[in-house]
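Q: I'd like to ask some things about the structure below.
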Amino acid sequence: MWFQKFLLTAGFLVLSSASAVGQPEDLKLGDTYIISRDHNRVFRGSHRIYVRKADGLVEVKYCNRSYWVRYATVAWTQLEVEQDYAVRVEFNWGKGWRPICDHPEQQVTLRDLGISEDPRVVIQNDGPTIDKINRFAAIRDSFRQKKREGPARSFHDE
């Protein structure tokens, strides 16, 4: 009997936690996000945006304020709007989500960032693929020996 109650309780906990995944309440308190909502203002998804520069981020301006975002974030906003969802910059003060800026997709586009690729490709690669340096190829090339015109006189020759 106790084992059945245990299984029922465990199943309920798993189901209740699974249904909460992806809700805006799961986002960190005090952080800024671009949030997508449907016509009923139901949360669809989000991307975090930053107020400081970091590797892999590009500077953008939403409502005359600088933020740092991933290229994939700009591409994602464009795709969300194509699907007829509303996106805006929002901040959580601990008492709910406060809108900061409407229509970020109209203020910064991939084209504004010099990217002409399809937004889906940018999201898949988490950035533009044009002129992207392959780290592993660069590391491999740094270990290759330089070609010599003749044989080495000793192992000390470089």
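Just remember, in the structure tokens the first chain shown is A, the second B, etc., residues are 1-based per chain, and ligands are 1-based in the order shown.
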Which residues, written as a list in words, have at least one atom at most 10 Å from Arg120 (chain A), with only C-alpha atoms counted and residues fewer than 3 positions away on the same chain left out?
A: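 My list of contacting residues is Ala72, Ala75, Trp76, Gln78, Leu79, Glu117, Ile123, Gln124, Asn125 and Asp126 of chain A.
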Q: Using only C-alpha atoms, determine which residues lie at most 8 Å from Arg52 (chain A), disregarding the query and same-chain residues fewer than 2 positions distant; provide the list as a list in words.
A: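 The residues satisfying every condition are Tyr50, Ala54, Tyr67 and Trp68 of chain A.
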Q: For Gly114 (chain A), please output as a PyMOL selection string all residues within 12 Å (counting only C-alpha atoms; exclusion window: fewer than 5 positions along the same chain).
A: chain A and resi 58+71+108-109+127-128+130
Q: With N, CA, C and O atoms kept, could you save the residues just selected as a PDB file, in the first residue's frame?
A:
```
ATOM      1  N   VAL A  58      27.488  40.133 -29.561  1.00  0.00           N
ATOM      2  CA  VAL A  58      27.593  41.318 -30.407  1.00  0.00           C
ATOM      3  C   VAL A  58      26.735  42.419 -29.788  1.00  0.00           C
ATOM      4  O   VAL A  58      25.683  42.151 -29.213  1.00  0.00           O
ATOM      5  N   TYR A  71      24.296  36.115 -31.946  1.00  0.00           N
ATOM      6  CA  TYR A  71      23.706  36.245 -33.276  1.00  0.00           C
ATOM      7  C   TYR A  71      22.429  35.414 -33.368  1.00  0.00           C
ATOM      8  O   TYR A  71      21.456  35.821 -33.986  1.00  0.00           O
ATOM      9  N   VAL A 108      16.808  45.645 -34.659  1.00  0.00           N
ATOM     10  CA  VAL A 108      18.054  44.971 -35.030  1.00  0.00           C
ATOM     11  C   VAL A 108      17.697  43.718 -35.816  1.00  0.00           C
ATOM     12  O   VAL A 108      16.930  42.886 -35.340  1.00  0.00           O
ATOM     13  N   THR A 109      18.261  43.603 -37.007  1.00  0.00           N
ATOM     14  CA  THR A 109      18.078  42.412 -37.837  1.00  0.00           C
ATOM     15  C   THR A 109      19.451  41.824 -38.155  1.00  0.00           C
ATOM     16  O   THR A 109      20.480  42.468 -37.931  1.00  0.00           O
ATOM     17  N   GLY A 127      25.612  31.425 -34.950  1.00  0.00           N
ATOM     18  CA  GLY A 127      26.349  32.546 -35.516  1.00  0.00           C
ATOM     19  C   GLY A 127      26.479  32.380 -37.014  1.00  0.00           C
ATOM     20  O   GLY A 127      26.050  31.376 -37.583  1.00  0.00           O
ATOM     21  N   PRO A 128      27.077  33.356 -37.673  1.00  0.00           N
ATOM     22  CA  PRO A 128      27.241  33.267 -39.121  1.00  0.00           C
ATOM     23  C   PRO A 128      28.275  32.210 -39.484  1.00  0.00           C
ATOM     24  O   PRO A 128      29.218  31.966 -38.735  1.00  0.00           O
ATOM     25  N   ILE A 130      29.854  32.356 -42.537  1.00  0.00           N
ATOM     26  CA  ILE A 130      30.774  32.984 -43.470  1.00  0.00           C
ATOM     27  C   ILE A 130      32.022  33.439 -42.725  1.00  0.00           C
ATOM     28  O   ILE A 130      31.946  34.086 -41.688  1.00  0.00           O
TER      29      ILE A 130
END
```
Q: When you count only C-alpha atoms, which of these residues is closest to Tyr62 (chain A): A:Ile34, A:Leu113, A:Ala86, A:Val81?
A: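 So, comparing all the options, the nearest one is A:Ile34.
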Q: Point out the residue among A:His47, A:Leu110, A:Lys53, A:Arg144 with the least atom-to-atom distance to Val89 (chain A), counting only C-alpha atoms.
A: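 Nearest to Val89 (chain A): A:His47.
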Q: With only C-alpha atoms as the atoms that count, which of A:Val42, A:Cys101, A:Val87, A:Ile49 lies nearest to Arg70 (chain A)?
A: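 Smallest separation from Arg70 (chain A) among the options: A:Ile49.
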Q: Which one is closest to Arg44 (chain A): A:Ser66, A:Tyr85, A:Val122, A:Glu59? Count only C-alpha atoms.
A: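 Comparing A:Ser66, A:Tyr85, A:Val122, A:Glu59 against Arg44 (chain A), the winner is A:Tyr85.
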Q: Within 8 Å of Pro99 (chain A), counting only C-alpha atoms, which residues qualify if same-chain residues fewer than 6 places away don't, as a PyMOL selection string?
A: chain A and resi 88-91
Q: Could you write those residues out with all heavy atoms, as a PDB file, in the first residue's frame?
A:
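Result file result_20.pdb:
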```pdb
ATOM      1  N   ARG A  88       9.437  40.966 -27.181  1.00  0.00           N
ATOM      2  CA  ARG A  88       9.832  42.233 -26.582  1.00  0.00           C
ATOM      3  C   ARG A  88      10.890  41.974 -25.520  1.00  0.00           C
ATOM      4  O   ARG A  88      11.032  40.864 -25.021  1.00  0.00           O
ATOM      5  CB  ARG A  88       8.643  42.987 -26.017  1.00  0.00           C
ATOM      6  CG  ARG A  88       7.952  42.344 -24.863  1.00  0.00           C
ATOM      7  CD  ARG A  88       6.748  43.159 -24.440  1.00  0.00           C
ATOM      8  NE  ARG A  88       6.103  42.520 -23.302  1.00  0.00           N
ATOM      9  CZ  ARG A  88       4.995  42.933 -22.765  1.00  0.00           C
ATOM     10  NH1 ARG A  88       4.380  43.987 -23.255  1.00  0.00           N
ATOM     11  NH2 ARG A  88       4.471  42.319 -21.735  1.00  0.00           N
ATOM     12  N   VAL A  89      11.608  43.027 -25.191  1.00  0.00           N
ATOM     13  CA  VAL A  89      12.610  42.956 -24.144  1.00  0.00           C
ATOM     14  C   VAL A  89      11.887  43.138 -22.813  1.00  0.00           C
ATOM     15  O   VAL A  89      11.095  44.075 -22.663  1.00  0.00           O
ATOM     16  CB  VAL A  89      13.688  44.047 -24.334  1.00  0.00           C
ATOM     17  CG1 VAL A  89      14.698  44.009 -23.199  1.00  0.00           C
ATOM     18  CG2 VAL A  89      14.378  43.895 -25.683  1.00  0.00           C
ATOM     19  N   GLU A  90      12.140  42.220 -21.869  1.00  0.00           N
ATOM     20  CA  GLU A  90      11.472  42.269 -20.571  1.00  0.00           C
ATOM     21  C   GLU A  90      12.484  42.020 -19.461  1.00  0.00           C
ATOM     22  O   GLU A  90      13.516  41.394 -19.673  1.00  0.00           O
ATOM     23  CB  GLU A  90      10.359  41.215 -20.490  1.00  0.00           C
ATOM     24  CG  GLU A  90       9.262  41.430 -21.500  1.00  0.00           C
ATOM     25  CD  GLU A  90       8.096  40.468 -21.330  1.00  0.00           C
ATOM     26  OE1 GLU A  90       7.898  39.941 -20.220  1.00  0.00           O
ATOM     27  OE2 GLU A  90       7.381  40.249 -22.320  1.00  0.00           O
ATOM     28  N   PHE A  91      12.149  42.522 -18.282  1.00  0.00           N
ATOM     29  CA  PHE A  91      12.991  42.397 -17.101  1.00  0.00           C
ATOM     30  C   PHE A  91      12.121  41.938 -15.936  1.00  0.00           C
ATOM     31  O   PHE A  91      11.000  42.413 -15.783  1.00  0.00           O
ATOM     32  CB  PHE A  91      13.629  43.756 -16.773  1.00  0.00           C
ATOM     33  CG  PHE A  91      14.621  43.707 -15.655  1.00  0.00           C
ATOM     34  CD1 PHE A  91      15.932  43.347 -15.899  1.00  0.00           C
ATOM     35  CD2 PHE A  91      14.259  44.025 -14.352  1.00  0.00           C
ATOM     36  CE1 PHE A  91      16.867  43.311 -14.875  1.00  0.00           C
ATOM     37  CE2 PHE A  91      15.176  43.985 -13.324  1.00  0.00           C
ATOM     38  CZ  PHE A  91      16.491  43.630 -13.589  1.00  0.00           C
TER      39      PHE A  91
END
```
Q: Please measure the separation of CA of Arg48 (chain A) and CA of Val121 (chain A), giving the value in Å to one decimal.
A: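 Between these atoms lies a distance of 19.7 Å.
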Q: Any idea what the distance is between CA of Lys95 (chain A) and CA of Asp38 (chain A)?
A: 21.3 Å
